[in-house]
Amino acid sequence: MTEFTGNDVLNAIAAASKSLSERKEEVNRLNVFPVPDGDTGTNMSLTLESVVKNISSLPMGASGAAVRKAITTGALMGARGNSGVITSQILRGLCEGSTDELVLTTESVDIAFTRAVEVSFQAVRKPVEGTILTVLKDTATAAKHAHKKKLDVEAALEEIVKEAYASVQRTPDLLPVLKENNVVDAGGFGLAILIDGFVASLLGKEGSLGGELVFDPKAAPKVEIEHINDWEGSEYRYCNEFLVHSETLDREEALDFLSTMGDCELCVGSNPRFKVHVHSNTPNKVLEYFLERGQIFEVFIHNMDLQSIERNDKLVAEQDAAPAERKPLGVVAVAAGEGNAKILESLGVDVVVSGGQTMNPSTADLLDAAKRANADAVLFLPNNSNIIMAANTASELAEFPCGVVPTKSVPQAFSAMFGFDPEGSLEDNVEEMIDAFAEVKTGEVTTAIKDSHDAKGNPIAEGDVIGIADGSIDAVGSTIEDVVMDLLVEMEAEDADTCTLLAGEDYSDEALEALVERIESEYEDIEVDAHRGEQPLYPIVFSVE
């Protein structure tokens, strides 16, 4: 019989977190209700990521008590939404029921799940059958049966995974709203994925055990997209969640108060640290109550009506979209701003990764996007000098041929796409696209965040508007428009044929219109093409060529 150590358990927690992160969208799609507190898969995933971050900071050889504290604190602090808070309580219960050194046996697994049920059901005032709590309870029952049958720990863990998925499949029979909408419970499914990922790691299995056992996600009924108006809690608009630091807060009194404010109320933790969650129409009163009793932080207030509409629109669009045919050559580009993304897609980019200056995507993000391009070979357009290295690494690590067109700005990518030939080879396209943007000069206008100097050594004060020409600060002024005009001179715009303007998210249509008129009056031979780029931080990004 294999004996699992505390280190095995910590590695399995990280693996479980990774499993849920990879499948969170699968869980999110089950949430078609109007009050889902964000997305269940995302919220549960964030909770586990916070746990992993906490335990990864522990010193080598940390005691079992220190590990349990890191897990429970990380879960509490990182929990988002109803599902995240309940997940944090499940983890707390598992820790409270575990042995000092986290060594797993069939008996210790039984004890841990028993305690997890006790803690989690205490946290929810009105437990509902057919939810994550039902899946937890059924899983705990499976652990107890395995203990009574004296199964070895490997067999016991496999039985637990099997029952977790089986319980998920039964949730529509227990909760009418699930059956009406042809879905299983999202939180329960997320919990099954976590348990599955944890056990698969311990047993050294590749992928999930669910496929080997009884659960086939494709067997779940098709989700029908419709706006539900009669689900419990739909009368409340705002989801409120925050942390409270208080030495005097009475948890039961707080729960009594929260029940008068709305529903789905949770107050978990203990003095001095609590997590609060409630659906309410009066978030101001909720915050006032807790401000009188302590300090609040990490405050999130979501408008669930708007959130539901956005989700339903997205799901409808996904359902209506025909599966894309696999193509010989795909393109992945990085860009910030919805407008820029739409322009790139209109030019033939298959996947746009959100990112740019100050928010560089990782190599893993680029690899994931390359897979989503659904192509035999993929071209990367990094569109920022800080992302070229990650793109090169992704190109080397990909399991299929990839190439990098080293664009340093979104305007360069626009021109590069005019040289793209979807029927051409990867190598030829890299060469042609590099040639296509070679003559593009890019200007960016933003605000200085500290005192500095421009390329000529002139002083820059914090708050000044600065103009950057292909990486060099060549203009400084007090208004965006003046800096654009100064930058055009530095970039020798009098020799250019076209000027493309991309307006940032905070730059108005009226200001953009006036800027176009000013450029056209100064440069009669330039054709000005203005668009809404909606990029953050840079009110104007432009190119001349």
# chains A, B, ... in the order shown; residues from 1 in each chain; ligands from 1
>>> closest_atom_pairs(of="segment 425-518 of chain A", to="segment 365-385 of chain A", cutoff="12 Å", atoms="only C-alpha atoms", output="tab-separated table")
residue	atom	partner	partner_atom	distance
A:Ser425	CA	A:Ala377	CA	9.0
A:Leu426	CA	A:Ala377	CA	7.0
A:Glu427	CA	A:Leu379	CA	9.6
A:Asp428	CA	A:Leu379	CA	11.2
A:Asn429	CA	A:Leu379	CA	8.4
A:Val430	CA	A:Leu379	CA	7.7
A:Glu431	CA	A:Leu379	CA	11.5
A:Met433	CA	A:Leu381	CA	9.9
A:Ile434	CA	A:Leu381	CA	10.4
A:Phe437	CA	A:Asn383	CA	11.4
A:Thr442	CA	A:Asn383	CA	11.0
A:Asp470	CA	A:Ser385	CA	10.0
A:Gly471	CA	A:Ser385	CA	9.1
>>> select_by_dssp(residues="segment 435-496 of chain A", states="strand (DSSP E or B)", output="number ranges by chain")
A: 441-447, 452-453, 459-460, 465-469, 472-477
>>> residues_around(residues="Leu136 of chain A", least_positions_apart="3", cutoff="8 Å", atoms="only C-alpha atoms", output="MDAnalysis selection string")
chainID A and resid 113 117 132:133 139:140 164 188 191
>>> write_last_selection(atoms="N, CA and C atoms", output="JSON list (two decimals), in the first residue's frame")
[["chain", "number", "residue", "atom", "x", "y", "z"],
["A", 113, "PHE", "N", -13.23, 14.36, 5.56],
["A", 113, "PHE", "CA", -14.46, 14.70, 4.83],
["A", 113, "PHE", "C", -15.65, 14.86, 5.78],
["A", 117, "VAL", "N", -17.89, 18.38, 5.93],
["A", 117, "VAL", "CA", -19.36, 18.48, 5.85],
["A", 117, "VAL", "C", -19.89, 19.32, 7.01],
["A", 132, "ILE", "N", -23.36, 22.16, -4.41],
["A", 132, "ILE", "CA", -22.03, 21.73, -4.04],
["A", 132, "ILE", "C", -22.02, 21.01, -2.69],
["A", 133, "LEU", "N", -22.91, 21.43, -1.77],
["A", 133, "LEU", "CA", -22.96, 20.79, -0.46],
["A", 133, "LEU", "C", -23.45, 19.35, -0.56],
["A", 139, "THR", "N", -19.84, 12.62, -1.23],
["A", 139, "THR", "CA", -18.44, 12.21, -1.29],
["A", 139, "THR", "C", -17.96, 11.76, 0.09],
["A", 140, "ALA", "N", -18.39, 12.48, 1.12],
["A", 140, "ALA", "CA", -18.03, 12.09, 2.49],
["A", 140, "ALA", "C", -18.61, 10.73, 2.84],
["A", 164, "ALA", "N", -18.19, 11.43, -6.38],
["A", 164, "ALA", "CA", -18.32, 12.88, -6.59],
["A", 164, "ALA", "C", -18.97, 13.17, -7.93],
["A", 188, "GLY", "N", -21.01, 21.99, -7.70],
["A", 188, "GLY", "CA", -20.76, 20.56, -7.47],
["A", 188, "GLY", "C", -19.80, 20.00, -8.49],
["A", 191, "LEU", "N", -16.32, 21.12, -7.66],
["A", 191, "LEU", "CA", -15.77, 20.35, -6.55],
["A", 191, "LEU", "C", -15.30, 18.98, -7.04]]
>>> closest_residue(among="A:Ile526, A:Val268, A:Ile71, A:Val103", to="Ser50 of chain A", atoms="only C-alpha atoms")
A:Ile71
>>> residues_around(residues="segment 5-20 of chain A", least_positions_apart="3", cutoff="6 Å", atoms="only C-alpha atoms", output="CSV table (one decimal) with all heavy atoms, in the first residue's frame")
chain,number,residue,atom,x,y,z
A,23,ARG,N,-10.2,24.0,-16.6
A,23,ARG,CA,-11.6,23.6,-16.9
A,23,ARG,C,-12.6,24.6,-16.4
A,23,ARG,O,-13.8,24.3,-16.4
A,23,ARG,CB,-11.9,22.2,-16.4
A,23,ARG,CG,-11.0,21.1,-16.9
A,23,ARG,CD,-11.4,19.7,-16.4
A,23,ARG,NE,-12.6,19.3,-16.9
A,23,ARG,CZ,-13.2,18.1,-16.5
A,23,ARG,NH1,-12.6,17.3,-15.7
A,23,ARG,NH2,-14.4,17.7,-17.0
A,24,LYS,N,-12.2,25.7,-15.9
A,24,LYS,CA,-13.1,26.7,-15.3
A,24,LYS,C,-14.2,27.2,-16.3
A,24,LYS,O,-15.3,27.4,-15.8
A,24,LYS,CB,-12.4,27.9,-14.7
A,24,LYS,CG,-11.6,28.7,-15.7
A,24,LYS,CD,-10.8,29.8,-14.9
A,24,LYS,CE,-9.9,30.6,-15.9
A,24,LYS,NZ,-9.1,31.6,-15.2
A,45,SER,N,-11.7,28.6,-8.8
A,45,SER,CA,-10.3,28.6,-9.3
A,45,SER,C,-9.5,29.6,-8.6
A,45,SER,O,-8.4,29.4,-8.1
A,45,SER,CB,-10.3,28.8,-10.8
A,45,SER,OG,-8.9,28.8,-11.2
A,48,LEU,N,-8.6,28.5,-5.0
A,48,LEU,CA,-7.5,27.5,-5.0
A,48,LEU,C,-6.2,28.1,-5.4
A,48,LEU,O,-5.1,27.8,-4.8
A,48,LEU,CB,-7.8,26.3,-6.0
A,48,LEU,CG,-8.5,25.1,-5.3
A,48,LEU,CD1,-7.5,24.4,-4.4
A,48,LEU,CD2,-9.7,25.5,-4.6
A,52,VAL,N,-2.7,27.9,-3.2
A,52,VAL,CA,-1.4,27.5,-3.7
A,52,VAL,C,-0.3,28.5,-3.5
A,52,VAL,O,0.8,28.2,-3.2
A,52,VAL,CB,-1.5,27.1,-5.2
A,52,VAL,CG1,-0.2,26.9,-5.9
A,52,VAL,CG2,-2.4,25.9,-5.4
A,101,GLU,N,0.5,15.7,10.4
A,101,GLU,CA,1.4,15.8,9.3
A,101,GLU,C,0.8,15.5,7.9
A,101,GLU,O,1.5,15.3,6.9
A,101,GLU,CB,2.5,14.7,9.5
A,101,GLU,CG,3.3,15.0,10.8
A,101,GLU,CD,3.8,16.4,10.9
A,101,GLU,OE1,4.3,16.9,9.9
A,101,GLU,OE2,3.8,17.0,12.0
A,102,LEU,N,-0.5,15.6,7.8
A,102,LEU,CA,-1.3,15.5,6.6
A,102,LEU,C,-1.0,14.1,5.9
A,102,LEU,O,-1.1,14.1,4.6
A,102,LEU,CB,-0.9,16.6,5.6
A,102,LEU,CG,-1.1,18.0,6.2
A,102,LEU,CD1,-0.6,19.1,5.1
A,102,LEU,CD2,-2.6,18.3,6.4
A,103,VAL,N,-0.7,13.1,6.6
A,103,VAL,CA,-0.5,11.8,6.0
A,103,VAL,C,-1.8,11.2,5.7
A,103,VAL,O,-2.7,11.1,6.6
A,103,VAL,CB,0.4,10.9,6.9
A,103,VAL,CG1,0.5,9.5,6.3
A,103,VAL,CG2,1.8,11.4,7.1
A,194,LEU,N,-12.0,19.3,-8.7
A,194,LEU,CA,-10.9,19.5,-7.7
A,194,LEU,C,-10.5,18.2,-7.1
A,194,LEU,O,-9.3,17.9,-7.0
A,194,LEU,CB,-11.4,20.5,-6.6
A,194,LEU,CG,-11.4,22.0,-7.0
A,194,LEU,CD1,-12.0,22.8,-5.8
A,194,LEU,CD2,-10.0,22.5,-7.3
A,197,GLY,N,-8.7,16.1,-9.7
A,197,GLY,CA,-7.3,16.5,-9.9
A,197,GLY,C,-6.4,16.2,-8.8
A,197,GLY,O,-5.3,15.8,-9.0
A,198,PHE,N,-6.9,16.3,-7.5
A,198,PHE,CA,-6.1,16.0,-6.4
A,198,PHE,C,-5.8,14.5,-6.3
A,198,PHE,O,-4.6,14.1,-6.2
A,198,PHE,CB,-7.0,16.3,-5.1
A,198,PHE,CG,-6.3,16.0,-3.8
A,198,PHE,CD1,-5.5,17.0,-3.2
A,198,PHE,CD2,-6.5,14.8,-3.1
A,198,PHE,CE1,-4.8,16.7,-2.0
A,198,PHE,CE2,-5.9,14.6,-1.9
A,198,PHE,CZ,-5.1,15.5,-1.4
A,201,SER,N,-3.4,13.3,-9.2
A,201,SER,CA,-2.0,13.6,-8.9
A,201,SER,C,-1.4,12.6,-7.9
A,201,SER,O,-0.3,12.1,-8.1
A,201,SER,CB,-1.9,15.0,-8.3
A,201,SER,OG,-0.6,15.3,-7.9
A,202,LEU,N,-2.1,12.3,-6.8
A,202,LEU,CA,-1.6,11.3,-5.8
A,202,LEU,C,-1.3,10.0,-6.4
A,202,LEU,O,-0.3,9.3,-6.1
A,202,LEU,CB,-2.6,11.2,-4.7
A,202,LEU,CG,-2.7,12.4,-3.7
A,202,LEU,CD1,-3.8,12.1,-2.7
A,202,LEU,CD2,-1.4,12.6,-3.0
>>> closest_residue(among="A:Asn386, A:Thr47, A:Ser543, A:Asn281", to="Ala493 of chain A", atoms="only C-alpha atoms")
A:Ser543
>>> residues_around(residues="Leu58 of chain A", least_positions_apart="6", cutoff="9 Å", atoms="only C-alpha atoms", output="ChimeraX atom specification")
/A:66-67,70
>>> closest_residue(among="A:Asp256, A:Val128, A:Arg92, A:Ser415", to="Thr114 of chain A", atoms="only C-alpha atoms")
A:Arg92
>>> residues_around(residues="Gly504 of chain A", least_positions_apart="6", cutoff="6 Å", atoms="only C-alpha atoms", output="PyMOL selection string")
chain A and resi 533-536+538-540
>>> residues_around(residues="Lys148 of chain A", least_positions_apart="3", cutoff="10 Å", atoms="only C-alpha atoms", output="PyMOL selection string")
chain A and resi 106-107+110+142-145+151
>>> closest_residue(among="A:Ala503, A:Met389, A:Leu515, A:Leu91", to="Val483 of chain A", atoms="only C-alpha atoms")
A:Leu515
